[in-house]
Amino acid sequence: MSHPRSPLHRVLRRLPLNAAAVLTVVICLFPVYWMVTTAFKPSTDIQSYDPRLIPRAWTLDHFHEAVSADGFVLFWRNSILVTLSAVLLALLVALGAAYAVARMRWRGRRQFMLAVFVAQMAPWESLIIPIYIISRDTGMLDRLPTLTLVYFMITLPFTVVVLRGFIAGIPPELEEAAQVDGCTRAGAFRRVAFPLLAPGLMATSLFGFITAWNEFTYANFLIIKQQDSRTLPVWLSSFQSTFGTDWGATMAAATLFALPALIIFLALQRHVTAGLASGGVKG
């Protein structure tokens with residue numbers, strides 16, 4: 001006859017897992033904490049040989065310097081424009097592709113999804129030279145639409161995969177019932193299935209936003225001459241000079257740069273978790 005285990009025994013059994021989880025969180029968050037606290041430290045404390053986890057004094061001078069830097073407002077606008085355009089375009093195209101794969105039976109469907117998975121696993125840095133040559137030969141260098149298309153290309157495979165799994169998890173009988181009531185196929189999808197896709201759309205939107213918002217390599221490589229067309233990741237490098245790096249201003253700028261993605265993630269966290277789970281398990 002087995003005896004029920006005591007609460008203490010269950011706590012001790014889970015202690016190693018909980019400790020590992022806490023250690024992982026600390027390791028992941030410590031660089032962020034150090035970035036934010038460094039942004040508030042006076043320059044003398046940043047360069048001190050006796051670093052402190054908690055600043056002895058706090059200042060907003062580095063944030064003022066970052067906001068007052070040349071191109072801050074312009075590069076912020078460029079990043080917002082490119083990121084939102086790429087995400088919306090990826091959602092529009094991926095929604096149609098995911099619906100076709102999840103709901104329709106057509107020749108080459110499996111091969112199409114295999115190509116999407118391969119494209120998702122491919123290292124995008126390996127395409128820098130071909131994309132640069134194509135952009136140069138077509139006169140598309142130094143233009144924000146080129147950067148938007150590149151970010152659209154990067155985020156599209158993941159968006160298709162997640163939305164396909166989410167659409168497959170919606171019972172097709174719901175759309176069929178709407179069609180029986182007189183809706184067209186497109187109308188049934190718009191009225192019945194589309195509202196249920198909100199978590200999946202939020203999950204893919206957040207991923208696309210973070211990917212495009214943080215991307216540096218293409219933004220630095222494709223925008224060479226037109227400085228006014230650069231984005232915020234490139235702007236962060238403006239605090240480096242021949243005299244060294246202004247770490248206070250750099251950390252303040254990085255903190256400001258990370259805020260939009262952090263705010264959006266915190267606002268959509270519950271929907272994003274549900275969307276990723278449904279898109280990754282179902283279908």
# chains A, B, ... in the order shown; residues from 1 in each chain; ligands from 1
>>> select_by_dssp(residues="region 112-236 of chain A", states="alpha helix (DSSP H)", output="PyMOL selection string")
chain A and resi 112-121+128-137+144-168+172-180+185-188+194-196+198-214+217-222+232-235
>>> residues_around(residues="Trp58 (chain A)", least_positions_apart="4", cutoff="12 Å", atoms="only C-alpha atoms", output="list in words")
Val36, Thr37, Thr38, Ala39, Phe40, Lys41, Pro42, Ser43, Thr44, Asp45, Ile46, Ile54, His62, Phe63 and Gly248 of chain A
>>> closest_residue(among="A:Arg230, A:Arg56, A:Arg107, A:Arg10", to="Pro145 (chain A)", atoms="only C-alpha atoms")
A:Arg230
>>> residues_around(residues="region 254-268 of chain A", least_positions_apart="5", cutoff="9 Å", atoms="only C-alpha atoms", output="list of chain:residue names")
A:Val32, A:Met35, A:Val36, A:Ala39, A:Phe63, A:Ala66, A:Val67, A:Trp76, A:Pro199, A:Met202, A:Ala203, A:Leu206, A:Phe209, A:Ile210, A:Trp213, A:Asn214, A:Leu232, A:Pro233, A:Leu236, A:Ala249, A:Thr273
>>> select_by_dssp(residues="region 100-269 of chain A", states="strand (DSSP E)", output="list in words")
Gln240, Ser241, Gly244 and Thr245 of chain A
>>> closest_residue(among="A:Ile134, A:Ala193, A:Ala90, A:Val118", to="Met153 (chain A)", atoms="only C-alpha atoms")
A:Ala90
>>> closest_residue(among="A:Ile224, A:Leu60, A:Val22, A:Ile167", to="Leu196 (chain A)", atoms="only C-alpha atoms")
A:Ile167
>>> residues_around(residues="Gln226 (chain A)", least_positions_apart="4", cutoff="10 Å", atoms="only C-alpha atoms", output="ChimeraX atom specification")
/A:141-144,222,230
>>> residues_around(residues="Glu173 (chain A)", least_positions_apart="2", cutoff="12 Å", atoms="only C-alpha atoms", output="PyMOL selection string")
chain A and resi 103+168-171+175-180+188-189+192-193
>>> atom_distance(atom1="CA of Val162 (chain A)", atom2="CA of Thr204 (chain A)")
7.0 Å
>>> closest_residue(among="A:Phe117, A:Phe152, A:Phe166, A:Phe75", to="Asp228 (chain A)", atoms="only C-alpha atoms")
A:Phe75
>>> decode(residues="region 126-228 of chain A", atoms="C-alpha atoms", output="PDB file, in the first residue's frame")
ATOM      1  CA  SER A 126      24.381  33.947 -46.218  1.00  0.00           C
ATOM      2  CA  LEU A 127      22.096  35.902 -48.571  1.00  0.00           C
ATOM      3  CA  ILE A 128      23.638  39.307 -47.935  1.00  0.00           C
ATOM      4  CA  ILE A 129      25.857  39.296 -51.023  1.00  0.00           C
ATOM      5  CA  PRO A 130      23.166  38.046 -53.470  1.00  0.00           C
ATOM      6  CA  ILE A 131      20.644  40.548 -52.088  1.00  0.00           C
ATOM      7  CA  TYR A 132      23.214  43.337 -52.297  1.00  0.00           C
ATOM      8  CA  ILE A 133      23.997  42.493 -55.939  1.00  0.00           C
ATOM      9  CA  ILE A 134      20.307  42.332 -56.877  1.00  0.00           C
ATOM     10  CA  SER A 135      19.611  45.626 -55.086  1.00  0.00           C
ATOM     11  CA  ARG A 136      22.569  47.293 -56.765  1.00  0.00           C
ATOM     12  CA  ASP A 137      21.690  46.084 -60.254  1.00  0.00           C
ATOM     13  CA  THR A 138      18.038  47.120 -59.894  1.00  0.00           C
ATOM     14  CA  GLY A 139      18.836  50.527 -58.408  1.00  0.00           C
ATOM     15  CA  MET A 140      17.241  49.655 -55.049  1.00  0.00           C
ATOM     16  CA  LEU A 141      20.192  50.340 -52.770  1.00  0.00           C
ATOM     17  CA  ASP A 142      19.818  52.971 -50.049  1.00  0.00           C
ATOM     18  CA  ARG A 143      16.025  52.717 -50.054  1.00  0.00           C
ATOM     19  CA  LEU A 144      13.678  51.837 -47.218  1.00  0.00           C
ATOM     20  CA  PRO A 145      11.357  49.735 -49.454  1.00  0.00           C
ATOM     21  CA  THR A 146      14.289  47.389 -50.122  1.00  0.00           C
ATOM     22  CA  LEU A 147      14.827  46.937 -46.397  1.00  0.00           C
ATOM     23  CA  THR A 148      11.101  46.354 -45.940  1.00  0.00           C
ATOM     24  CA  LEU A 149      11.109  43.583 -48.552  1.00  0.00           C
ATOM     25  CA  VAL A 150      14.131  41.936 -46.920  1.00  0.00           C
ATOM     26  CA  TYR A 151      12.467  41.926 -43.504  1.00  0.00           C
ATOM     27  CA  PHE A 152       9.268  40.620 -45.099  1.00  0.00           C
ATOM     28  CA  MET A 153      11.272  37.777 -46.626  1.00  0.00           C
ATOM     29  CA  ILE A 154      12.903  36.968 -43.274  1.00  0.00           C
ATOM     30  CA  THR A 155       9.679  36.874 -41.253  1.00  0.00           C
ATOM     31  CA  LEU A 156       7.410  35.215 -43.834  1.00  0.00           C
ATOM     32  CA  PRO A 157       8.391  31.513 -43.329  1.00  0.00           C
ATOM     33  CA  PHE A 158       7.828  31.565 -39.561  1.00  0.00           C
ATOM     34  CA  THR A 159       4.539  33.388 -40.032  1.00  0.00           C
ATOM     35  CA  VAL A 160       3.302  30.796 -42.517  1.00  0.00           C
ATOM     36  CA  VAL A 161       4.262  27.875 -40.247  1.00  0.00           C
ATOM     37  CA  VAL A 162       2.597  29.274 -37.119  1.00  0.00           C
ATOM     38  CA  LEU A 163      -0.579  30.437 -38.846  1.00  0.00           C
ATOM     39  CA  ARG A 164      -0.895  27.139 -40.704  1.00  0.00           C
ATOM     40  CA  GLY A 165      -0.857  25.224 -37.414  1.00  0.00           C
ATOM     41  CA  PHE A 166      -3.340  27.616 -35.864  1.00  0.00           C
ATOM     42  CA  ILE A 167      -5.792  27.462 -38.786  1.00  0.00           C
ATOM     43  CA  ALA A 168      -5.548  23.670 -38.788  1.00  0.00           C
ATOM     44  CA  GLY A 169      -6.589  23.721 -35.118  1.00  0.00           C
ATOM     45  CA  ILE A 170      -9.882  25.469 -35.931  1.00  0.00           C
ATOM     46  CA  PRO A 171     -12.605  22.877 -36.736  1.00  0.00           C
ATOM     47  CA  PRO A 172     -13.523  23.195 -40.429  1.00  0.00           C
ATOM     48  CA  GLU A 173     -17.122  22.349 -39.511  1.00  0.00           C
ATOM     49  CA  LEU A 174     -17.521  25.914 -38.219  1.00  0.00           C
ATOM     50  CA  GLU A 175     -16.828  27.344 -41.657  1.00  0.00           C
ATOM     51  CA  GLU A 176     -18.902  24.673 -43.344  1.00  0.00           C
ATOM     52  CA  ALA A 177     -21.884  25.589 -41.175  1.00  0.00           C
ATOM     53  CA  ALA A 178     -21.490  29.225 -42.144  1.00  0.00           C
ATOM     54  CA  GLN A 179     -21.369  28.246 -45.816  1.00  0.00           C
ATOM     55  CA  VAL A 180     -24.576  26.254 -45.386  1.00  0.00           C
ATOM     56  CA  ASP A 181     -26.166  29.422 -43.995  1.00  0.00           C
ATOM     57  CA  GLY A 182     -25.267  31.258 -47.193  1.00  0.00           C
ATOM     58  CA  CYS A 183     -21.737  32.570 -46.665  1.00  0.00           C
ATOM     59  CA  THR A 184     -19.126  32.212 -49.365  1.00  0.00           C
ATOM     60  CA  ARG A 185     -15.876  30.461 -48.513  1.00  0.00           C
ATOM     61  CA  ALA A 186     -14.126  33.774 -48.064  1.00  0.00           C
ATOM     62  CA  GLY A 187     -17.040  35.131 -46.047  1.00  0.00           C
ATOM     63  CA  ALA A 188     -17.073  32.094 -43.782  1.00  0.00           C
ATOM     64  CA  PHE A 189     -13.368  32.469 -43.107  1.00  0.00           C
ATOM     65  CA  ARG A 190     -13.701  36.177 -42.414  1.00  0.00           C
ATOM     66  CA  ARG A 191     -16.714  35.852 -40.121  1.00  0.00           C
ATOM     67  CA  VAL A 192     -15.906  32.587 -38.312  1.00  0.00           C
ATOM     68  CA  ALA A 193     -12.238  31.563 -38.497  1.00  0.00           C
ATOM     69  CA  PHE A 194     -10.510  34.924 -38.643  1.00  0.00           C
ATOM     70  CA  PRO A 195     -11.700  36.138 -35.190  1.00  0.00           C
ATOM     71  CA  LEU A 196     -10.363  32.899 -33.675  1.00  0.00           C
ATOM     72  CA  LEU A 197      -6.927  33.588 -35.159  1.00  0.00           C
ATOM     73  CA  ALA A 198      -6.246  36.588 -32.909  1.00  0.00           C
ATOM     74  CA  PRO A 199      -3.691  34.803 -30.639  1.00  0.00           C
ATOM     75  CA  GLY A 200      -1.855  33.364 -33.635  1.00  0.00           C
ATOM     76  CA  LEU A 201      -1.786  36.723 -35.408  1.00  0.00           C
ATOM     77  CA  MET A 202      -0.451  38.406 -32.273  1.00  0.00           C
ATOM     78  CA  ALA A 203       2.255  35.765 -31.806  1.00  0.00           C
ATOM     79  CA  THR A 204       3.501  36.034 -35.363  1.00  0.00           C
ATOM     80  CA  SER A 205       3.226  39.822 -35.330  1.00  0.00           C
ATOM     81  CA  LEU A 206       5.368  40.047 -32.210  1.00  0.00           C
ATOM     82  CA  PHE A 207       8.000  37.719 -33.659  1.00  0.00           C
ATOM     83  CA  GLY A 208       8.092  39.674 -36.898  1.00  0.00           C
ATOM     84  CA  PHE A 209       8.262  42.979 -35.049  1.00  0.00           C
ATOM     85  CA  ILE A 210      11.172  41.904 -32.852  1.00  0.00           C
ATOM     86  CA  THR A 211      13.047  40.370 -35.798  1.00  0.00           C
ATOM     87  CA  ALA A 212      12.718  43.445 -38.000  1.00  0.00           C
ATOM     88  CA  TRP A 213      13.184  45.919 -35.141  1.00  0.00           C
ATOM     89  CA  ASN A 214      16.478  44.382 -33.985  1.00  0.00           C
ATOM     90  CA  GLU A 215      17.996  43.605 -37.391  1.00  0.00           C
ATOM     91  CA  PHE A 216      21.311  45.359 -37.960  1.00  0.00           C
ATOM     92  CA  THR A 217      23.275  43.595 -40.696  1.00  0.00           C
ATOM     93  CA  TYR A 218      21.025  44.308 -43.664  1.00  0.00           C
ATOM     94  CA  ALA A 219      20.224  47.808 -42.444  1.00  0.00           C
ATOM     95  CA  ASN A 220      23.932  48.592 -42.289  1.00  0.00           C
ATOM     96  CA  PHE A 221      24.780  46.808 -45.533  1.00  0.00           C
ATOM     97  CA  LEU A 222      22.010  47.968 -47.856  1.00  0.00           C
ATOM     98  CA  ILE A 223      21.797  51.576 -46.639  1.00  0.00           C
ATOM     99  CA  ILE A 224      25.257  52.959 -47.312  1.00  0.00           C
ATOM    100  CA  LYS A 225      25.089  56.416 -48.870  1.00  0.00           C
ATOM    101  CA  GLN A 226      21.691  57.703 -47.739  1.00  0.00           C
ATOM    102  CA  GLN A 227      22.275  58.257 -44.044  1.00  0.00           C
ATOM    103  CA  ASP A 228      18.708  59.527 -43.632  1.00  0.00           C
TER     104      ASP A 228
END
